[in-house]
>>> print(open('run15.txt').read())   # compact mmCIF, C-alpha atoms and all ligand atoms
# COMPACT_ATOMS: atom_id res chain seq x y z
CA MET E 1 20.38 48.91 -28.69
CA LYS E 2 19.73 51.79 -31.01
CA GLN E 3 17.53 54.58 -29.71
CA LEU E 4 15.62 56.80 -32.03
CA PHE E 5 14.90 60.31 -30.88
CA VAL E 6 12.42 62.44 -32.75
CA PHE E 7 12.38 66.09 -31.84
CA LEU E 8 9.28 67.69 -33.24
CA SER E 9 9.54 71.32 -32.32
CA LEU E 10 13.20 71.51 -31.44
CA SER E 11 15.65 72.24 -34.13
CA PHE E 12 19.33 71.90 -33.58
CA SER E 13 21.87 70.18 -35.66
CA VAL E 14 24.93 68.12 -35.00
CA MET E 15 27.17 68.77 -37.91
CA SER E 16 30.76 69.01 -38.82
CA SER E 17 32.47 70.52 -41.82
CA LEU E 18 35.76 69.20 -43.18
CA SER E 19 37.30 66.35 -41.30
CA ALA E 20 41.01 66.25 -40.57
CA GLN E 21 43.12 66.07 -43.67
CA THR E 22 45.40 63.07 -43.49
CA LYS E 23 48.08 62.31 -46.04
CA LEU E 24 45.73 59.73 -47.53
CA ASP E 25 42.95 62.33 -47.83
CA ILE E 26 45.35 64.61 -49.67
CA ILE E 27 46.48 61.84 -52.04
CA ASN E 28 42.89 60.86 -52.77
CA ALA E 29 42.04 64.49 -53.48
CA VAL E 30 44.05 64.20 -56.72
CA ASN E 31 41.13 64.33 -59.10
CA LEU E 32 41.06 62.86 -62.60
CA ASP E 33 38.32 65.21 -63.82
CA SER E 34 40.39 68.19 -62.72
CA LEU E 35 43.51 66.74 -64.37
CA SER E 36 41.61 65.91 -67.57
CA LEU E 37 40.19 69.40 -67.89
CA THR E 38 43.70 70.86 -67.67
CA LEU E 39 44.95 68.31 -70.21
CA LYS E 40 42.23 69.30 -72.68
CA GLU E 41 42.57 73.04 -72.11
CA PHE E 42 46.34 73.10 -72.22
CA THR E 43 46.53 71.03 -75.42
CA GLY E 44 43.89 73.16 -77.13
CA GLU E 45 41.39 70.31 -77.41
CA VAL E 46 38.89 72.67 -75.76
CA ALA E 47 38.73 76.43 -75.37
CA THR E 48 39.58 78.03 -72.05
CA ASN E 49 39.68 81.46 -70.49
CA VAL E 50 42.78 83.58 -70.01
CA GLY E 51 42.72 87.18 -68.86
CA GLY E 52 38.94 87.22 -69.12
CA ASN E 53 38.99 86.20 -72.78
CA ALA E 54 37.83 82.96 -74.36
CA VAL E 55 40.92 81.50 -76.01
CA THR E 56 42.31 78.24 -77.35
CA ILE E 57 45.90 77.27 -76.62
CA LEU E 58 46.85 75.98 -80.05
CA ASN E 59 50.59 75.61 -79.66
CA ARG E 60 53.30 75.74 -76.98
CA GLU E 61 56.50 75.88 -79.04
CA GLU E 62 59.37 78.12 -78.02
CA ALA E 63 58.33 81.48 -79.51
CA ASN E 64 54.65 80.63 -79.50
CA ASN E 65 53.76 79.86 -75.92
CA GLU E 66 52.96 83.23 -74.34
CA LEU E 67 49.31 82.26 -74.00
CA ALA E 68 50.29 78.98 -72.35
CA GLY E 69 52.51 80.89 -69.90
CA ASP E 70 49.72 83.35 -69.12
CA TYR E 71 47.35 80.44 -68.47
CA LEU E 72 49.75 78.96 -65.92
CA VAL E 73 50.33 82.31 -64.16
CA GLU E 74 46.58 82.76 -63.86
CA LYS E 75 46.10 79.24 -62.46
CA PHE E 76 48.76 79.73 -59.78
CA ASN E 77 47.51 83.23 -58.93
CA ALA E 78 44.06 81.80 -58.24
CA MET E 79 45.49 79.57 -55.50
CA ASN E 80 46.05 80.65 -51.91
CA ASN E 81 49.41 80.90 -50.17
CA LEU E 82 51.52 80.94 -53.34
CA THR E 83 54.01 83.55 -54.52
CA VAL E 84 54.21 83.44 -58.31
CA ASN E 85 57.41 84.26 -60.16
CA ASP E 86 56.94 84.85 -63.90
CA GLN E 87 60.60 84.37 -64.72
CA ALA E 88 61.80 85.55 -68.14
CA PHE E 89 65.27 84.10 -68.77
CA ASN E 90 65.84 85.00 -72.44
CA THR E 91 63.88 86.54 -75.32
CA ASN E 92 61.19 83.88 -75.47
CA GLY E 93 62.02 81.81 -72.40
CA ARG E 94 59.72 82.10 -69.43
CA ASN E 95 59.61 79.83 -66.38
CA ILE E 96 56.45 79.95 -64.27
CA VAL E 97 57.42 79.22 -60.68
CA ALA E 98 55.11 79.30 -57.64
CA THR E 99 56.44 79.05 -54.08
CA GLN E 100 54.57 77.86 -51.00
CA LEU E 101 56.69 78.86 -48.03
CA GLY E 102 57.14 76.22 -45.32
CA LYS E 103 55.74 77.22 -41.93
CA THR E 104 58.44 75.52 -39.87
CA ASN E 105 61.47 75.20 -42.15
CA PRO E 106 61.08 77.77 -44.91
CA ASN E 107 64.65 77.22 -46.10
CA ASP E 108 64.13 73.49 -46.73
CA ILE E 109 62.94 73.30 -50.33
CA TYR E 110 61.37 70.53 -52.40
CA ILE E 111 60.66 71.15 -56.08
CA ILE E 112 57.96 69.46 -58.14
CA CYS E 113 58.47 70.37 -61.79
CA ALA E 114 57.63 69.74 -65.42
CA HIS E 115 58.30 71.47 -68.71
CA TYR E 116 55.32 73.11 -70.38
CA ASP E 117 56.76 73.87 -73.80
CA SER E 118 56.36 71.47 -76.71
CA VAL E 119 57.73 70.62 -80.16
CA ALA E 120 54.40 70.49 -82.02
CA ASP E 121 50.67 71.15 -81.62
CA TYR E 122 48.84 69.23 -78.88
CA CYS E 123 51.72 67.26 -77.29
CA ALA E 124 49.43 65.93 -74.59
CA ASP E 125 51.75 63.31 -73.14
CA ASP E 126 54.86 65.48 -73.64
CA ASN E 127 54.33 67.29 -71.41
CA THR E 128 50.83 68.39 -70.57
CA THR E 129 50.65 65.32 -68.34
CA GLY E 130 53.46 66.67 -66.17
CA THR E 131 52.17 70.26 -66.31
CA ALA E 132 48.63 69.27 -65.31
CA THR E 133 49.98 67.18 -62.44
CA VAL E 134 52.05 70.06 -61.06
CA LEU E 135 48.95 72.32 -61.19
CA GLU E 136 46.75 69.68 -59.56
CA ILE E 137 49.23 69.09 -56.73
CA ALA E 138 49.50 72.85 -56.20
CA ARG E 139 45.70 73.21 -56.20
CA ILE E 140 45.42 70.74 -53.32
CA LEU E 141 48.63 71.26 -51.31
CA SER E 142 48.35 75.06 -51.35
CA THR E 143 45.33 74.73 -49.05
CA GLN E 144 47.40 72.83 -46.49
CA CYS E 145 49.80 73.78 -43.77
CA LEU E 146 53.27 72.38 -44.53
CA ASP E 147 56.49 72.41 -42.55
CA ASN E 148 58.76 72.75 -45.58
CA THR E 149 58.79 74.92 -48.68
CA ILE E 150 57.35 73.54 -51.91
CA ILE E 151 58.23 75.08 -55.26
CA TYR E 152 55.88 74.27 -58.13
CA ALA E 153 57.94 74.92 -61.26
CA LEU E 154 56.89 74.80 -64.90
CA TRP E 155 59.91 75.15 -67.18
CA ASP E 156 60.10 76.63 -70.63
CA GLU E 157 62.45 75.66 -73.49
CA GLU E 158 63.09 72.14 -72.28
CA GLU E 159 62.67 71.00 -75.85
CA ILE E 160 65.50 73.20 -77.13
CA GLY E 161 68.11 72.29 -74.52
CA LEU E 162 66.64 72.23 -71.00
CA LYS E 163 67.13 75.98 -70.93
CA GLY E 164 64.57 77.11 -68.35
CA ALA E 165 65.58 74.49 -65.80
CA GLY E 166 69.25 75.19 -66.57
CA PHE E 167 68.79 78.87 -65.82
CA TYR E 168 66.93 78.18 -62.58
CA ALA E 169 69.30 75.46 -61.32
CA ALA E 170 72.39 77.62 -61.91
CA GLN E 171 70.77 80.53 -60.10
CA ALA E 172 69.66 78.29 -57.21
CA SER E 173 73.19 76.95 -56.91
CA SER E 174 74.78 80.40 -56.80
CA ASN E 175 72.14 81.52 -54.28
CA GLY E 176 72.96 78.51 -52.11
CA ASP E 177 69.31 77.41 -52.07
CA ASN E 178 68.81 74.43 -49.79
CA ILE E 179 66.99 72.28 -52.36
CA LEU E 180 66.51 68.83 -50.80
CA GLY E 181 64.87 67.15 -53.76
CA VAL E 182 63.76 67.89 -57.31
CA LEU E 183 61.01 65.64 -58.64
CA ASN E 184 60.75 66.10 -62.40
CA ILE E 185 57.79 64.63 -64.26
CA ASP E 186 57.93 64.39 -68.02
CA MET E 187 55.58 62.14 -70.07
CA MET E 188 53.52 60.10 -67.66
CA GLY E 189 50.34 59.25 -69.56
CA TYR E 190 51.12 56.35 -71.88
CA ASP E 191 51.00 52.64 -71.09
CA GLY E 192 50.49 50.82 -74.39
CA ASP E 193 50.81 47.30 -72.98
CA ASN E 194 48.80 48.06 -69.81
CA ASP E 195 51.42 46.58 -67.51
CA ASP E 196 51.47 49.68 -65.22
CA ASP E 197 55.26 49.93 -65.54
CA PHE E 198 56.89 53.30 -64.99
CA ASP E 199 60.47 54.51 -64.76
CA ILE E 200 62.41 56.33 -62.09
CA ASP E 201 65.58 57.72 -63.64
CA VAL E 202 68.26 58.34 -61.04
CA ARG E 203 71.98 58.83 -60.67
CA PRO E 204 74.18 58.70 -57.56
CA ILE E 205 74.26 62.48 -57.14
CA ALA E 206 73.65 64.06 -53.71
CA ASN E 207 70.65 62.20 -52.20
CA SER E 208 69.02 61.22 -55.49
CA ILE E 209 69.21 57.48 -54.67
CA ALA E 210 67.39 58.09 -51.38
CA MET E 211 64.68 59.99 -53.28
CA LYS E 212 64.20 56.95 -55.49
CA ASP E 213 64.01 54.71 -52.40
CA ASP E 214 61.43 56.99 -50.79
CA LEU E 215 59.27 56.83 -53.92
CA ILE E 216 59.50 53.03 -54.00
CA ASN E 217 58.48 52.84 -50.33
CA LEU E 218 55.42 54.99 -51.06
CA LEU E 219 54.33 52.50 -53.74
CA SER E 220 53.70 49.91 -51.05
CA THR E 221 52.62 52.31 -48.29
CA TYR E 222 49.66 53.44 -50.39
CA ASN E 223 49.28 50.33 -52.60
CA PHE E 224 49.64 52.18 -55.86
CA ASN E 225 48.81 50.09 -58.89
CA LEU E 226 52.23 50.67 -60.46
CA ASN E 227 55.38 48.66 -61.15
CA VAL E 228 58.68 50.46 -60.96
CA ASN E 229 61.75 50.22 -63.19
CA VAL E 230 64.75 51.91 -61.68
CA VAL E 231 67.01 53.32 -64.40
CA ASN E 232 70.50 54.03 -63.07
CA PRO E 233 72.31 55.78 -64.59
CA GLY E 234 69.14 57.56 -65.59
CA SER E 235 68.47 59.53 -68.73
CA PRO E 236 69.82 63.09 -68.76
CA ALA E 237 67.24 64.05 -71.41
CA SER E 238 64.96 66.18 -69.28
CA ASP E 239 65.10 69.07 -66.82
CA HIS E 240 66.22 67.10 -63.74
CA ALA E 241 69.63 66.72 -65.43
CA ARG E 242 70.27 70.44 -65.01
CA PHE E 243 69.86 69.99 -61.25
CA TRP E 244 72.22 67.00 -61.29
CA ASP E 245 74.69 69.29 -63.11
CA GLN E 246 74.57 71.60 -60.07
CA GLY E 247 74.91 68.74 -57.58
CA PHE E 248 71.29 68.73 -56.39
CA SER E 249 69.23 65.63 -55.55
CA ALA E 250 66.82 64.92 -58.40
CA VAL E 251 64.92 62.14 -60.15
CA LEU E 252 62.74 61.81 -63.22
CA VAL E 253 59.43 59.94 -63.04
CA GLY E 254 57.47 58.97 -66.13
CA GLU E 255 56.24 56.24 -68.47
CA SER E 256 58.55 53.40 -69.32
CA TRP E 257 61.17 54.16 -71.95
CA GLU E 258 63.13 51.40 -70.26
CA ASN E 259 60.55 48.85 -71.46
CA ASN E 260 60.07 50.58 -74.81
CA ASP E 261 56.54 51.55 -73.82
CA GLN E 262 56.73 55.31 -74.39
CA THR E 263 54.12 57.04 -76.54
CA PRO E 264 54.46 56.14 -80.25
CA TYR E 265 53.28 59.70 -81.02
CA TYR E 266 56.38 61.24 -79.44
CA HIS E 267 57.18 64.76 -80.63
CA SER E 268 54.34 64.88 -83.11
CA SER E 269 50.93 66.51 -83.33
CA SER E 270 49.42 63.02 -82.99
CA ASP E 271 50.35 63.09 -79.30
CA ARG E 272 46.79 63.91 -78.24
CA TYR E 273 44.55 63.59 -75.22
CA SER E 274 42.69 60.63 -76.75
CA THR E 275 45.87 58.53 -76.79
CA LEU E 276 46.47 58.78 -73.03
CA ASP E 277 45.85 56.03 -70.48
CA LEU E 278 44.00 58.13 -67.92
CA PRO E 279 43.82 55.62 -65.00
CA TYR E 280 47.57 55.00 -65.33
CA PHE E 281 48.26 58.74 -65.50
CA HIS E 282 46.03 59.34 -62.45
CA GLU E 283 47.90 56.67 -60.47
CA ILE E 284 51.30 58.24 -61.18
CA ALA E 285 49.90 61.68 -60.27
CA LYS E 286 48.81 60.24 -56.91
CA LEU E 287 52.25 58.71 -56.36
CA ILE E 288 53.80 62.14 -57.03
CA MET E 289 51.37 63.70 -54.56
CA SER E 290 52.26 61.11 -51.93
CA TYR E 291 55.91 62.11 -52.24
CA MET E 292 55.22 65.86 -52.10
CA VAL E 293 52.82 65.70 -49.15
CA THR E 294 55.26 63.49 -47.25
CA LYS E 295 58.28 65.69 -47.94
CA GLY E 296 56.29 68.87 -47.47
CA GLY E 297 55.59 67.71 -43.92
CA LEU E 298 51.82 67.92 -43.65
CA VAL E 299 50.78 69.48 -40.36
CA SER E 300 47.42 67.89 -39.80
CA VAL E 301 45.22 70.56 -38.25
CA ASP E 302 41.60 69.48 -37.99
CA ASN E 303 39.64 72.65 -38.64
CA SER E 304 36.23 71.02 -38.31
CA LEU E 305 33.68 71.83 -35.63
CA THR E 306 31.02 69.92 -33.78
CA VAL E 307 27.90 71.92 -33.10
CA SER E 308 25.67 70.88 -30.23
CA SER E 309 22.60 72.59 -28.88
CA THR E 310 24.68 74.42 -26.31
CA ALA E 311 28.19 74.86 -27.72
CA LEU E 312 30.59 74.88 -30.63
CA THR E 313 33.59 72.59 -30.15
CA SER E 314 36.75 72.31 -32.22
CA ASN E 315 37.44 68.70 -33.17
CA MET E 316 41.18 69.27 -32.79
CA ALA E 317 42.42 68.43 -29.31
CA ASN E 318 45.63 69.78 -27.74
CA ALA E 319 45.84 72.95 -29.78
CA SER E 320 45.49 76.69 -29.23
CA TYR E 321 42.13 78.20 -30.07
CA GLN E 322 40.75 81.62 -30.82
CA TRP E 323 37.04 81.94 -31.49
CA ILE E 324 36.05 84.51 -34.08
CA ASN E 325 32.90 86.45 -34.81
CA CYS E 326 32.42 85.95 -38.55
CA ASN E 327 30.10 88.94 -38.82
CA THR E 328 32.82 91.33 -37.68
CA ASN E 329 35.83 89.15 -38.54
CA LEU E 330 37.20 89.94 -35.09
CA PRO E 331 38.47 87.59 -32.39
CA ILE E 332 36.18 87.26 -29.39
CA SER E 333 38.09 88.29 -26.31
CA SER E 334 38.81 85.54 -23.75
CA GLU E 335 37.22 82.84 -25.92
CA THR E 336 40.28 80.65 -26.29
CA ASN E 337 39.06 77.25 -25.13
CA GLN E 338 38.31 74.22 -27.30
CA SER E 339 34.57 74.83 -26.78
CA PHE E 340 32.63 78.05 -26.98
CA SER E 341 29.04 78.71 -25.89
CA PRO E 342 27.90 81.91 -27.60
CA SER E 343 25.44 83.97 -25.62
CA ALA E 344 24.09 85.69 -28.72
CA SER E 345 22.97 84.46 -32.12
CA GLY E 346 25.59 84.85 -34.81
CA SER E 347 28.08 83.27 -37.14
CA TYR E 348 31.24 81.91 -35.53
CA ALA E 349 34.51 80.24 -36.49
CA VAL E 350 37.62 79.10 -34.67
CA ALA E 351 41.28 79.54 -35.57
CA VAL E 352 43.16 76.41 -34.50
CA THR E 353 46.91 76.62 -34.06
CA VAL E 354 49.25 73.65 -33.84
CA GLY E 355 52.92 74.59 -33.67
CA SER E 356 53.36 77.27 -36.32
CA CYS E 357 50.31 76.30 -38.36
CA THR E 358 46.96 78.02 -37.96
CA GLU E 359 43.85 76.91 -39.79
CA LEU E 360 40.48 78.56 -39.73
CA SER E 361 37.26 76.59 -39.54
CA SER E 362 34.32 77.46 -41.72
CA CYS E 363 31.78 79.87 -40.20
CA VAL E 364 28.84 78.26 -38.46
CA ASP E 365 25.53 79.87 -37.57
CA PHE E 366 24.59 79.38 -33.94
CA THR E 367 21.53 80.40 -31.96
CA PRO E 368 21.74 79.86 -28.22
CA LEU E 369 18.85 77.93 -26.75
CA ASP E 370 16.60 79.60 -24.22
CA SER E 371 16.53 78.03 -20.79
CA GLU E 372 13.16 76.32 -21.38
CA THR E 373 14.48 74.57 -24.48
CA ILE E 374 17.58 73.48 -22.60
CA LYS E 375 15.32 71.97 -19.98
CA LEU E 376 13.30 70.20 -22.68
CA ASN E 377 16.50 68.55 -23.87
CA MET E 378 17.04 67.19 -20.35
CA ILE E 379 13.87 65.07 -20.44
CA LYS E 380 14.71 61.37 -20.12
CA VAL E 381 12.45 58.48 -21.07
CA PHE E 382 13.87 55.01 -20.37
CA SER E 383 14.47 52.15 -20.66
CA ASN E 384 13.97 51.56 -24.34
CA PRO E 385 12.87 48.98 -25.27
CA VAL E 386 10.81 48.72 -22.11
CA LEU E 387 9.22 45.57 -20.69
CA SER E 388 7.11 46.81 -17.76
CA THR E 389 8.17 50.09 -16.10
CA LEU E 390 8.85 53.18 -18.17
CA ASN E 391 10.76 55.89 -16.27
CA ILE E 392 10.17 59.53 -17.07
CA GLU E 393 12.39 62.30 -15.68
CA HIS E 394 12.22 66.02 -16.36
CA PRO E 395 13.59 69.21 -14.76
CA PHE E 396 10.43 71.36 -14.97
CA ASN E 397 8.67 72.76 -11.93
CA GLU E 398 5.42 72.86 -13.89
CA ASP E 399 3.13 69.91 -14.53
CA LEU E 400 3.71 68.36 -17.96
CA SER E 401 1.36 66.52 -20.26
CA PHE E 402 2.35 62.93 -21.09
CA GLU E 403 0.78 61.19 -24.09
CA LEU E 404 1.36 57.85 -25.76
CA PHE E 405 0.60 57.43 -29.47
CA SER E 406 0.50 54.33 -31.62
CA ILE E 407 2.90 54.30 -34.56
CA GLU E 408 -0.09 55.22 -36.76
CA GLY E 409 -0.55 58.39 -34.70
CA LYS E 410 -3.57 57.38 -32.62
CA LYS E 411 -3.51 58.58 -29.02
CA ILE E 412 -3.95 55.64 -26.71
CA PHE E 413 -3.03 57.04 -23.30
CA GLU E 414 -2.51 60.32 -21.49
CA GLN E 415 -1.80 61.61 -18.03
CA VAL E 416 -0.41 64.66 -16.28
CA LEU E 417 3.10 64.39 -14.87
CA THR E 418 3.02 66.13 -11.50
CA LYS E 419 6.42 65.00 -10.31
CA LYS E 420 9.92 65.34 -11.74
CA ARG E 421 10.24 61.59 -11.78
CA SER E 422 7.38 59.25 -12.73
CA GLU E 423 6.92 55.60 -13.49
CA LEU E 424 4.38 54.18 -15.90
CA ASN E 425 3.42 50.52 -16.04
CA VAL E 426 3.35 49.71 -19.76
CA SER E 427 2.40 46.03 -19.48
CA GLN E 428 -1.20 47.18 -20.05
CA PHE E 429 -0.26 48.03 -23.69
CA SER E 430 0.39 45.56 -26.48
CA PRO E 431 4.00 45.07 -27.48
CA GLY E 432 5.27 47.19 -30.36
CA PRO E 433 6.54 50.66 -31.26
CA TYR E 434 4.96 53.84 -29.85
CA PHE E 435 5.61 57.53 -29.69
CA VAL E 436 5.92 59.31 -26.35
CA ARG E 437 4.93 62.98 -26.44
CA ILE E 438 5.69 65.23 -23.48
CA SER E 439 4.64 68.84 -23.71
CA GLU E 440 4.89 71.99 -21.68
CA GLY E 441 2.87 74.76 -23.28
CA GLU E 442 4.05 75.14 -26.86
CA ARG E 443 7.16 73.07 -26.31
CA VAL E 444 7.10 69.42 -27.24
CA PHE E 445 9.48 66.56 -26.63
CA SER E 446 8.93 63.39 -28.63
CA GLN E 447 10.60 60.02 -28.60
CA LYS E 448 9.96 56.64 -30.15
CA ILE E 449 9.85 53.75 -27.69
CA VAL E 450 9.36 50.03 -28.10
CA ILE E 451 7.32 48.05 -25.63
CA GLY E 452 8.59 44.49 -25.49
CA LYS E 453 7.00 41.33 -24.13
ZN ZN S 1 59.23 66.22 -72.43
>>> encode(input="run15.txt", output="structure tokens")
Amino acid sequence: MKQLFVFLSLSFSVMSSLSAQTKLDIINAVNLDSLSLTLKEFTGEVATNVGGNAVTILNREEANNELAGDYLVEKFNAMNNLTVNDQAFNTNGRNIVATQLGKTNPNDIYIICAHYDSVADYCADDNTTGTATVLEIARILSTQCLDNTIIYALWDEEEIGLKGAGFYAAQASSNGDNILGVLNIDMMGYDGDNDDDFDIDVRPIANSIAMKDDLINLLSTYNFNLNVNVVNPGSPASDHARFWDQGFSAVLVGESWENNDQTPYYHSSSDRYSTLDLPYFHEIAKLIMSYMVTKGGLVSVDNSLTVSSTALTSNMANASYQWINCNTNLPISSETNQSFSPSASGSYAVAVTVGSCTELSSCVDFTPLDSETIKLNMIKVFSNPVLSTLNIEHPFNEDLSFELFSIEGKKIFEQVLTKKRSELNVSQFSPGPYFVRISEGERVFSQKIVIGK
């Protein structure tokens, strides 16, 4: 039976902020509006802002993509927890690479990458689709605590010989970087026959086949509306091939060249935003996210709080806690339990630590109740619905006023409660809904009850 409590003069809230971020939450956070805005800005369909100036990115060809590079640097710099490397590798070549260091295994690296240069104006499918997806995944994953390192890489000069990726892969190989998988996305927005087919291009190099298998498993785990073609030996005509050259695990994901369903506007200025299949593109972007969040090793720390009238409680069990005074930004000494009952009004947050990952809750305003209000909250009126005997319990030493109102607000009964526990025979009243009002001075407790028959 559902009980309805109406507190007239009491105000306290039961609220929570963000709920725990599961892998599914992260995948569903991939947002088509966000992706579309990047697609339009990066292809010059709409103006954008770079370095505080209103600009339009008209072209991204080899010697003409400084503005595009600056745009990407600015996007990554605006995200938390990323280290941005603006990597010049020849006169005009410039990779934009952002690193999110793993909290548990910083030397275990997964790369999500796309080339951002083009061969003509616009070039929405090739490869703003990949570029926008890398930015969108970074936007979301950079807010999360991950075990492993993720590198978000946007390569330059793919169109004139996979140069940016070639430079990076050779350097990574000589550095001995422990790259466990390179997921390259290039052209993922066209599906002319609407059959939801896409390609994974793979070769039996390092653990590339296992990467392909992991992607296929994710298709069913999350019920993506996509049909896979495995192409083996896969095309070497994009940046992943430079990682194969160095013996790294890598695959290419994109629209289906295998089924001859690639964009008919390939390498021309007719490759525009309006020709893209946005739901199909969104679905592949979510598949890519599912792979990255799985391989990144999401550490699910619930940083939400429950606020009651008497305490703040972290919703994450079995963790370490440090409560923080948001007004001073300082930890509160000795307040390291899951719940915290502030003795003074203020704004409070909790830092929750699981393993090596710490997440901070949002700040919550809290005003401790005075003892009279606490006592008011302890008033009990039951049962509800009630057939004959209504029980009233309260903790006050004073006499309280008890009143019964019709649902229209007309007072139909009153008496003084002289004991901490009283019984009222309600069979004298007609069946239906009523309001009980119990007051002690200015303080009022109110509850809806239903008298049955
Ligand atoms: Zn391309």
>>> residues_near_point(input="run15.txt", point="(57.4, 64.3, -53.7)", cutoff="7 Å", atoms="all atoms listed in the file", output="ChimeraX atom specification")
/E:112,183,288-295
>>> residues_near_ligand(input="run15.txt", ligand="ligand ZN 1 (chain S)", cutoff="7 Å", atoms="all atoms listed in the file", output="tab-separated table (two decimals) with C-alpha atoms, keeping the file's coordinate frame")
chain	number	residue	atom	x	y	z
E	115	HIS	CA	58.30	71.47	-68.71
E	126	ASP	CA	54.86	65.48	-73.64
E	127	ASN	CA	54.33	67.29	-71.41
E	159	GLU	CA	62.67	71.00	-75.85
E	186	ASP	CA	57.93	64.39	-68.02
E	187	MET	CA	55.58	62.14	-70.07
E	238	SER	CA	64.96	66.18	-69.28
>>> residues_around(input="run15.txt", residues="Lys23 (chain E)", least_positions_apart="4", cutoff="12 Å", atoms="all atoms listed in the file", output="list in words")
Ile27, Asn28, Ala29, Val30, Ile140, Leu141, Gln144, Cys145, Leu146, Leu218, Thr221, Tyr222, Lys286, Leu287, Met289, Ser290, Tyr291, Met292, Val293, Thr294, Lys295, Gly296, Gly297, Leu298, Val299, Ser300 and Val301 of chain E
>>> write_last_selection(input="run15.txt", atoms="C-alpha atoms", output="compact mmCIF listing (two decimals), keeping the file's coordinate frame")
# COMPACT_ATOMS: atom_id res chain seq x y z
CA ILE E 27 46.48 61.84 -52.04
CA ASN E 28 42.89 60.86 -52.77
CA ALA E 29 42.04 64.49 -53.48
CA VAL E 30 44.05 64.20 -56.72
CA ILE E 140 45.42 70.74 -53.32
CA LEU E 141 48.63 71.26 -51.31
CA GLN E 144 47.40 72.83 -46.49
CA CYS E 145 49.80 73.78 -43.77
CA LEU E 146 53.27 72.38 -44.53
CA LEU E 218 55.42 54.99 -51.06
CA THR E 221 52.62 52.31 -48.29
CA TYR E 222 49.66 53.44 -50.39
CA LYS E 286 48.81 60.24 -56.91
CA LEU E 287 52.25 58.71 -56.36
CA MET E 289 51.37 63.70 -54.56
CA SER E 290 52.26 61.11 -51.93
CA TYR E 291 55.91 62.11 -52.24
CA MET E 292 55.22 65.86 -52.10
CA VAL E 293 52.82 65.70 -49.15
CA THR E 294 55.26 63.49 -47.25
CA LYS E 295 58.28 65.69 -47.94
CA GLY E 296 56.29 68.87 -47.47
CA GLY E 297 55.59 67.71 -43.92
CA LEU E 298 51.82 67.92 -43.65
CA VAL E 299 50.78 69.48 -40.36
CA SER E 300 47.42 67.89 -39.80
CA VAL E 301 45.22 70.56 -38.25
>>> closest_residue(input="run15.txt", among="E:Asn194, E:Asn184, E:Asn397, E:Asn53", to="Met211 (chain E)", atoms="only C-alpha atoms")
E:Asn184
>>> axis_aligned_box(input="run15.txt", around="region 137-153 of chain E", padding_each_side="8 Å", output="JSON")
{"center_x": 52.1, "center_y": 72.1, "center_z": -51.9, "size_x": 29.5, "size_y": 22.0, "size_z": 34.7}
>>> closest_residue(input="run15.txt", among="E:Leu360, E:Val119, E:Val84, E:Leu417", to="Ile392 (chain E)", atoms="only C-alpha atoms")
E:Leu417
>>> residues_near_point(input="run15.txt", point="(10.1, 51.4, -20.8)", cutoff="10 Å", atoms="only C-alpha atoms", output="list in words")
Val381, Phe382, Ser383, Asn384, Pro385, Val386, Leu387, Ser388, Thr389, Leu390, Asn391, Ile392, Glu423, Leu424, Asn425, Val426, Ser427, Ile449, Val450, Ile451 and Gly452 of chain E
>>> atom_distance(input="run15.txt", atom1="CA of Gln246 (chain E)", atom2="CA of Gly181 (chain E)")
12.4 Å
>>> closest_residue(input="run15.txt", among="E:Leu39, E:Leu252, E:Gly44, E:Trp244", to="Leu215 (chain E)", atoms="only C-alpha atoms")
E:Leu252
>>> atom_distance(input="run15.txt", atom1="CA of Ile137 (chain E)", atom2="CA of Thr353 (chain E)")
24.0 Å
>>> residues_around(input="run15.txt", residues="Val73 (chain E)", least_positions_apart="4", cutoff="9 Å", atoms="all atoms listed in the file", output="PyMOL selection string")
chain E and resi 68-69+77-78+84-86+96-98
>>> closest_residue(input="run15.txt", among="E:Lys375, E:Ile26, E:Ser341, E:Gln428", to="Arg443 (chain E)", atoms="all atoms listed in the file")
E:Lys375
>>> atom_distance(input="run15.txt", atom1="CA of Val228 (chain E)", atom2="CA of Asp199 (chain E)")
5.8 Å
>>> closest_residue(input="run15.txt", among="E:Thr133, E:Asn107, E:Thr91, E:Ser339", to="Ala319 (chain E)", atoms="only C-alpha atoms")
E:Ser339
>>> residues_around(input="run15.txt", residues="Leu58 (chain E)", least_positions_apart="5", cutoff="9 Å", atoms="only C-alpha atoms", output="JSON, numbers by chain")
{"E": [42, 43, 44, 45, 65, 68, 121, 122]}
>>> closest_residue(input="run15.txt", among="E:Ile412, E:Met378, E:Val230, E:Ala351", to="Pro331 (chain E)", atoms="only C-alpha atoms")
E:Ala351
>>> residues_around(input="run15.txt", residues="Ala317 (chain E)", least_positions_apart="2", cutoff="12 Å", atoms="only C-alpha atoms", output="count of residues only")
19
